[in-house]
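Engineer: Below is the structure I would like to discuss, written out as structure tokens.
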Amino acid sequence: MLHIINKSPLTSVSLDSCLNTATGGDILLIEDAVYAATRGNAGETKLRAAMGRFKVHVLMPDLEARGLGDRLIEGVSPVDYGGFVDLTSSNKTCQSWL
Amino acid sequence: MKFGIVVNEGPYQHQASDSAYLFAKAAIAKGHEVWRVFFYHDGVNNASKLTEPPQDDRHIVNRWAKLAEEHKVDLVVCVAAALRRGIKEENLAQGFRISGLGQLVEAGIKCDRLVTFGD
Amino acid sequence: MSDAKKFMFVNRKAPYGTIYALESLEVVLITAAFDQDVSLAFLDDGVYQLKKGQQTKGIETKNFSPAYRALEDYDIEKLYVDKEAMEARGLTEEDFLVPVTLLSRAEMGKLMDEQDVVLSF
């Protein structure tokens, strides 16, 4: 399953809830959730730990818009909107953690 | 592949409608079909023809309408949510139609994927 | 029912502060009318939606919580609550308006994987 997160990990439990609940699969960070994919963010260790169980992707246009395009945590895969579409089609279902 | 999209937030206030639009555009560019976009909650405000953004900003309402016209995307506004928020036929933008929640369920049934954008 | 899809509605938001819980419930009832396989999951603050004794007179807002009791009339009986989320909010099963199934997070995750459509508002 593709899990789509759109909230900063420092203001919302969305990412935590997803990591604690979902069995695995792909995670895509969009909108304010892209901050979770940046080096030095307080949630970095948690995200790195989850990378064994999940493949983590980040929507680059959202990261670049926020001025952090050069801070991507190694191992997080950058995608554009086309890549976002591919992730939804390659997974049988998707869930937005709103 | 046949996609359904749900938009739960109004334009300009939240990025959801922009994200949904860019997703829809990318899906179409890849040869997929965007069968229906369903506007729910404050998302119904994406269908107001009274929308007038500053000249140098994107026109979110017209952008949806253009996509619908060019690629036969069915833009559906939930009637119950719309009436609550003052969206009616008289101020409905071109390219959108008002209908019931059943249209959302139908999108879930008929589409291969249903992707939700919200807060 | 052979061509019915499995729809899961994931509720993670508290009632009244925003309209999401109420409008989500409206979709749930419609989905059942389409003879789909419907389940509801309550995670995080979503568990507050099920709290008994909601009194909304003072905020001049309609109390929609009785609608959860009507779900069984629509043959919606699959209500799942994240046990950890419930406990983190000082609630027990007795606090809920309706009977629910308590799940561990691992069980909840597995159930999500079995769905065809997962909707969240």
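By order of appearance in the structure tokens: chains A, B, ..., then residues from 1 within every chain, and ligands from 1 in the order shown.
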Counting only C-alpha atoms, which residues of chain A come no farther than 6 Å from chain B, as a PDB file with all heavy atoms, in the first residue's frame?
Structural biologist:
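selection10.pdb, written as the output of this step:
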ATOM      1  N   TYR A  81       5.703  14.779  -9.818  1.00  0.00           N
ATOM      2  CA  TYR A  81       4.290  14.372  -9.824  1.00  0.00           C
ATOM      3  C   TYR A  81       4.061  13.106 -10.650  1.00  0.00           C
ATOM      4  O   TYR A  81       3.201  12.278 -10.317  1.00  0.00           O
ATOM      5  CB  TYR A  81       3.395  15.523 -10.303  1.00  0.00           C
ATOM      6  CG  TYR A  81       3.203  16.561  -9.229  1.00  0.00           C
ATOM      7  CD1 TYR A  81       4.000  17.699  -9.187  1.00  0.00           C
ATOM      8  CD2 TYR A  81       2.269  16.379  -8.211  1.00  0.00           C
ATOM      9  CE1 TYR A  81       3.863  18.642  -8.180  1.00  0.00           C
ATOM     10  CE2 TYR A  81       2.126  17.302  -7.205  1.00  0.00           C
ATOM     11  CZ  TYR A  81       2.922  18.446  -7.188  1.00  0.00           C
ATOM     12  OH  TYR A  81       2.783  19.360  -6.171  1.00  0.00           O
ATOM     13  N   GLY A  82       4.868  12.945 -11.712  1.00  0.00           N
ATOM     14  CA  GLY A  82       4.779  11.717 -12.505  1.00  0.00           C
ATOM     15  C   GLY A  82       5.140  10.494 -11.662  1.00  0.00           C
ATOM     16  O   GLY A  82       4.509   9.442 -11.747  1.00  0.00           O
ATOM     17  N   VAL A  85       2.305   9.620  -9.448  1.00  0.00           N
ATOM     18  CA  VAL A  85       1.308   8.831 -10.182  1.00  0.00           C
ATOM     19  C   VAL A  85       1.759   7.363 -10.280  1.00  0.00           C
ATOM     20  O   VAL A  85       0.976   6.446 -10.027  1.00  0.00           O
ATOM     21  CB  VAL A  85       1.079   9.422 -11.599  1.00  0.00           C
ATOM     22  CG1 VAL A  85       0.190   8.494 -12.432  1.00  0.00           C
ATOM     23  CG2 VAL A  85       0.465  10.813 -11.499  1.00  0.00           C
ATOM     24  N   LEU A  98      -4.803  11.796   6.553  1.00  0.00           N
ATOM     25  CA  LEU A  98      -5.256  13.160   6.816  1.00  0.00           C
ATOM     26  C   LEU A  98      -5.625  13.341   8.282  1.00  0.00           C
ATOM     27  O   LEU A  98      -5.978  12.397   8.949  1.00  0.00           O
ATOM     28  CB  LEU A  98      -6.462  13.478   5.936  1.00  0.00           C
ATOM     29  CG  LEU A  98      -6.219  13.340   4.426  1.00  0.00           C
ATOM     30  CD1 LEU A  98      -7.498  13.622   3.678  1.00  0.00           C
ATOM     31  CD2 LEU A  98      -5.112  14.244   3.963  1.00  0.00           C
TER      32      LEU A  98
END
Engineer: Extract the full set of strand (DSSP E) residues from range 74-118 of chain C according to DSSP on the backbone, and format it as a list of chain:residue names.
Structural biologist: C:Lys78, C:Leu79, C:Tyr80, C:Val81, C:Asp82, C:Thr101, C:Leu102, C:Leu103, C:Val117, C:Val118
Engineer: Convert the current residue selection to file output with C-alpha atoms, as an mmCIF file, in the first residue's frame.
Structural biologist:
data_model
loop_
_atom_site.group_PDB
_atom_site.id
_atom_site.type_symbol
_atom_site.label_atom_id
_atom_site.label_comp_id
_atom_site.auth_asym_id
_atom_site.auth_seq_id
_atom_site.Cartn_x
_atom_site.Cartn_y
_atom_site.Cartn_z
ATOM 1 C CA LYS C 78 -17.382 -3.407 11.520
ATOM 2 C CA LEU C 79 -16.127 -0.663 13.798
ATOM 3 C CA TYR C 80 -12.488 -0.948 14.767
ATOM 4 C CA VAL C 81 -10.757 1.119 17.415
ATOM 5 C CA ASP C 82 -7.007 1.433 17.889
ATOM 6 C CA THR C 101 -13.636 -4.223 18.152
ATOM 7 C CA LEU C 102 -10.375 -3.183 19.761
ATOM 8 C CA LEU C 103 -7.306 -3.807 17.669
ATOM 9 C CA VAL C 117 -10.522 1.609 -1.047
ATOM 10 C CA VAL C 118 -9.302 3.526 1.995
#
Engineer: DSSP on the backbone, then: every residue of range 12-117 of chain C marked helix (DSSP H, G or I), written as a ChimeraX atom specification.
Structural biologist: /C:20-33,44-50,57-59,66-74,83-88,93-95,105-113
Engineer: Using the selection just defined, write its residues with N, CA and C atoms as a short mmCIF file (atom, residue, chain, number, x, y, z; two decimals), in the first residue's frame.
Structural biologist:
data_model
loop_
_atom_site.label_atom_id
_atom_site.label_comp_id
_atom_site.auth_asym_id
_atom_site.auth_seq_id
_atom_site.Cartn_x
_atom_site.Cartn_y
_atom_site.Cartn_z
N TYR C 20 -15.05 17.41 9.67
CA TYR C 20 -14.68 16.18 8.98
C TYR C 20 -15.41 14.93 9.48
N ALA C 21 -15.55 14.80 10.79
CA ALA C 21 -16.17 13.61 11.35
C ALA C 21 -17.62 13.47 10.88
N LEU C 22 -18.34 14.57 10.93
CA LEU C 22 -19.75 14.56 10.52
C LEU C 22 -19.89 14.25 9.03
N GLU C 23 -19.12 14.94 8.19
CA GLU C 23 -19.27 14.72 6.76
C GLU C 23 -18.74 13.34 6.34
N SER C 24 -17.80 12.82 7.10
CA SER C 24 -17.31 11.47 6.84
C SER C 24 -18.42 10.44 7.08
N LEU C 25 -19.14 10.67 8.17
CA LEU C 25 -20.24 9.78 8.52
C LEU C 25 -21.32 9.77 7.43
N GLU C 26 -21.52 10.91 6.81
CA GLU C 26 -22.51 11.00 5.72
C GLU C 26 -22.08 10.11 4.54
N VAL C 27 -20.78 10.08 4.25
CA VAL C 27 -20.29 9.21 3.16
C VAL C 27 -20.46 7.74 3.52
N VAL C 28 -20.19 7.42 4.79
CA VAL C 28 -20.30 6.04 5.25
C VAL C 28 -21.71 5.50 5.00
N LEU C 29 -22.71 6.30 5.35
CA LEU C 29 -24.09 5.84 5.20
C LEU C 29 -24.45 5.63 3.73
N ILE C 30 -23.95 6.51 2.87
CA ILE C 30 -24.22 6.38 1.44
C ILE C 30 -23.53 5.13 0.87
N THR C 31 -22.32 4.90 1.33
CA THR C 31 -21.56 3.75 0.82
C THR C 31 -22.28 2.44 1.14
N ALA C 32 -22.85 2.38 2.33
CA ALA C 32 -23.58 1.17 2.72
C ALA C 32 -24.78 0.97 1.80
N ALA C 33 -25.41 2.07 1.38
CA ALA C 33 -26.56 1.97 0.49
C ALA C 33 -26.17 1.41 -0.88
N ASP C 44 -6.07 7.65 16.57
CA ASP C 44 -5.72 8.98 17.12
C ASP C 44 -6.97 9.67 17.70
N ASP C 45 -7.16 10.97 17.46
CA ASP C 45 -8.30 11.69 18.05
C ASP C 45 -9.64 11.23 17.48
N GLY C 46 -9.63 10.43 16.44
CA GLY C 46 -10.87 9.89 15.88
C GLY C 46 -11.66 9.08 16.89
N VAL C 47 -10.98 8.52 17.88
CA VAL C 47 -11.71 7.72 18.88
C VAL C 47 -12.67 8.59 19.69
N TYR C 48 -12.39 9.88 19.79
CA TYR C 48 -13.29 10.78 20.53
C TYR C 48 -14.67 10.89 19.88
N GLN C 49 -14.75 10.57 18.60
CA GLN C 49 -16.05 10.63 17.91
C GLN C 49 -17.07 9.71 18.58
N LEU C 50 -16.58 8.63 19.16
CA LEU C 50 -17.48 7.59 19.69
C LEU C 50 -17.84 7.79 21.16
N LYS C 57 -25.62 21.36 23.18
CA LYS C 57 -26.51 22.50 23.28
C LYS C 57 -25.74 23.80 23.47
N GLY C 58 -24.74 23.75 24.34
CA GLY C 58 -23.97 24.94 24.68
C GLY C 58 -23.16 25.52 23.52
N ILE C 59 -22.87 24.68 22.51
CA ILE C 59 -22.13 25.22 21.36
C ILE C 59 -23.05 25.43 20.16
N PRO C 66 -25.61 10.39 17.83
CA PRO C 66 -26.58 9.27 17.75
C PRO C 66 -26.52 8.53 16.41
N ALA C 67 -26.01 9.19 15.39
CA ALA C 67 -25.93 8.54 14.07
C ALA C 67 -25.03 7.30 14.10
N TYR C 68 -24.06 7.28 15.02
CA TYR C 68 -23.21 6.08 15.10
C TYR C 68 -24.03 4.87 15.54
N ARG C 69 -25.07 5.16 16.35
CA ARG C 69 -25.95 4.06 16.79
C ARG C 69 -26.79 3.54 15.64
N ALA C 70 -27.05 4.41 14.65
CA ALA C 70 -27.89 4.01 13.52
C ALA C 70 -27.12 3.16 12.51
N LEU C 71 -25.80 3.11 12.65
CA LEU C 71 -25.00 2.38 11.66
C LEU C 71 -25.43 0.93 11.50
N GLU C 72 -25.84 0.33 12.61
CA GLU C 72 -26.21 -1.09 12.50
C GLU C 72 -27.48 -1.29 11.68
N ASP C 73 -28.32 -0.26 11.62
CA ASP C 73 -29.51 -0.36 10.75
C ASP C 73 -29.10 -0.41 9.28
N TYR C 74 -27.92 0.07 9.00
CA TYR C 74 -27.40 0.03 7.63
C TYR C 74 -26.47 -1.18 7.43
N LYS C 83 -6.59 0.33 20.00
CA LYS C 83 -6.62 0.19 21.46
C LYS C 83 -5.66 1.19 22.13
N GLU C 84 -4.48 1.32 21.56
CA GLU C 84 -3.50 2.24 22.13
C GLU C 84 -3.99 3.69 22.13
N ALA C 85 -4.65 4.06 21.01
CA ALA C 85 -5.17 5.43 20.89
C ALA C 85 -6.25 5.66 21.95
N MET C 86 -7.09 4.67 22.17
CA MET C 86 -8.15 4.76 23.17
C MET C 86 -7.54 4.96 24.56
N GLU C 87 -6.57 4.12 24.88
CA GLU C 87 -5.95 4.18 26.21
C GLU C 87 -5.19 5.49 26.42
N ALA C 88 -4.58 5.98 25.36
CA ALA C 88 -3.81 7.23 25.47
C ALA C 88 -4.72 8.41 25.78
N GLU C 93 -13.62 0.91 26.67
CA GLU C 93 -14.70 0.50 25.78
C GLU C 93 -16.07 0.96 26.29
N GLU C 94 -16.20 1.07 27.62
CA GLU C 94 -17.49 1.48 28.22
C GLU C 94 -17.83 2.92 27.88
N ASP C 95 -16.84 3.68 27.46
CA ASP C 95 -17.08 5.08 27.12
C ASP C 95 -17.73 5.25 25.75
N ARG C 105 -2.15 -2.06 16.98
CA ARG C 105 -1.77 -1.33 15.77
C ARG C 105 -1.37 -2.29 14.65
N ALA C 106 -0.73 -3.39 15.02
CA ALA C 106 -0.33 -4.37 14.00
C ALA C 106 -1.57 -4.96 13.31
N GLU C 107 -2.58 -5.26 14.13
CA GLU C 107 -3.82 -5.82 13.56
C GLU C 107 -4.51 -4.80 12.66
N MET C 108 -4.49 -3.54 13.08
CA MET C 108 -5.11 -2.47 12.30
C MET C 108 -4.40 -2.33 10.95
N GLY C 109 -3.08 -2.38 10.98
CA GLY C 109 -2.30 -2.26 9.76
C GLY C 109 -2.60 -3.38 8.79
N LYS C 110 -2.75 -4.57 9.33
CA LYS C 110 -3.05 -5.74 8.49
C LYS C 110 -4.42 -5.58 7.83
N LEU C 111 -5.37 -5.10 8.61
CA LEU C 111 -6.72 -4.90 8.11
C LEU C 111 -6.75 -3.85 6.98
N MET C 112 -5.95 -2.82 7.14
CA MET C 112 -5.87 -1.78 6.11
C MET C 112 -5.36 -2.37 4.79
N ASP C 113 -4.41 -3.29 4.91
CA ASP C 113 -3.84 -3.92 3.71
C ASP C 113 -4.88 -4.73 2.94
#
Engineer: So the first atom is CA of Ile76 in chain C and the second is CA of Ser120 in chain C; what is the distance between them in Å, to one decimal place?
Structural biologist: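 Between these atoms lies a distance of 17.2 Å.
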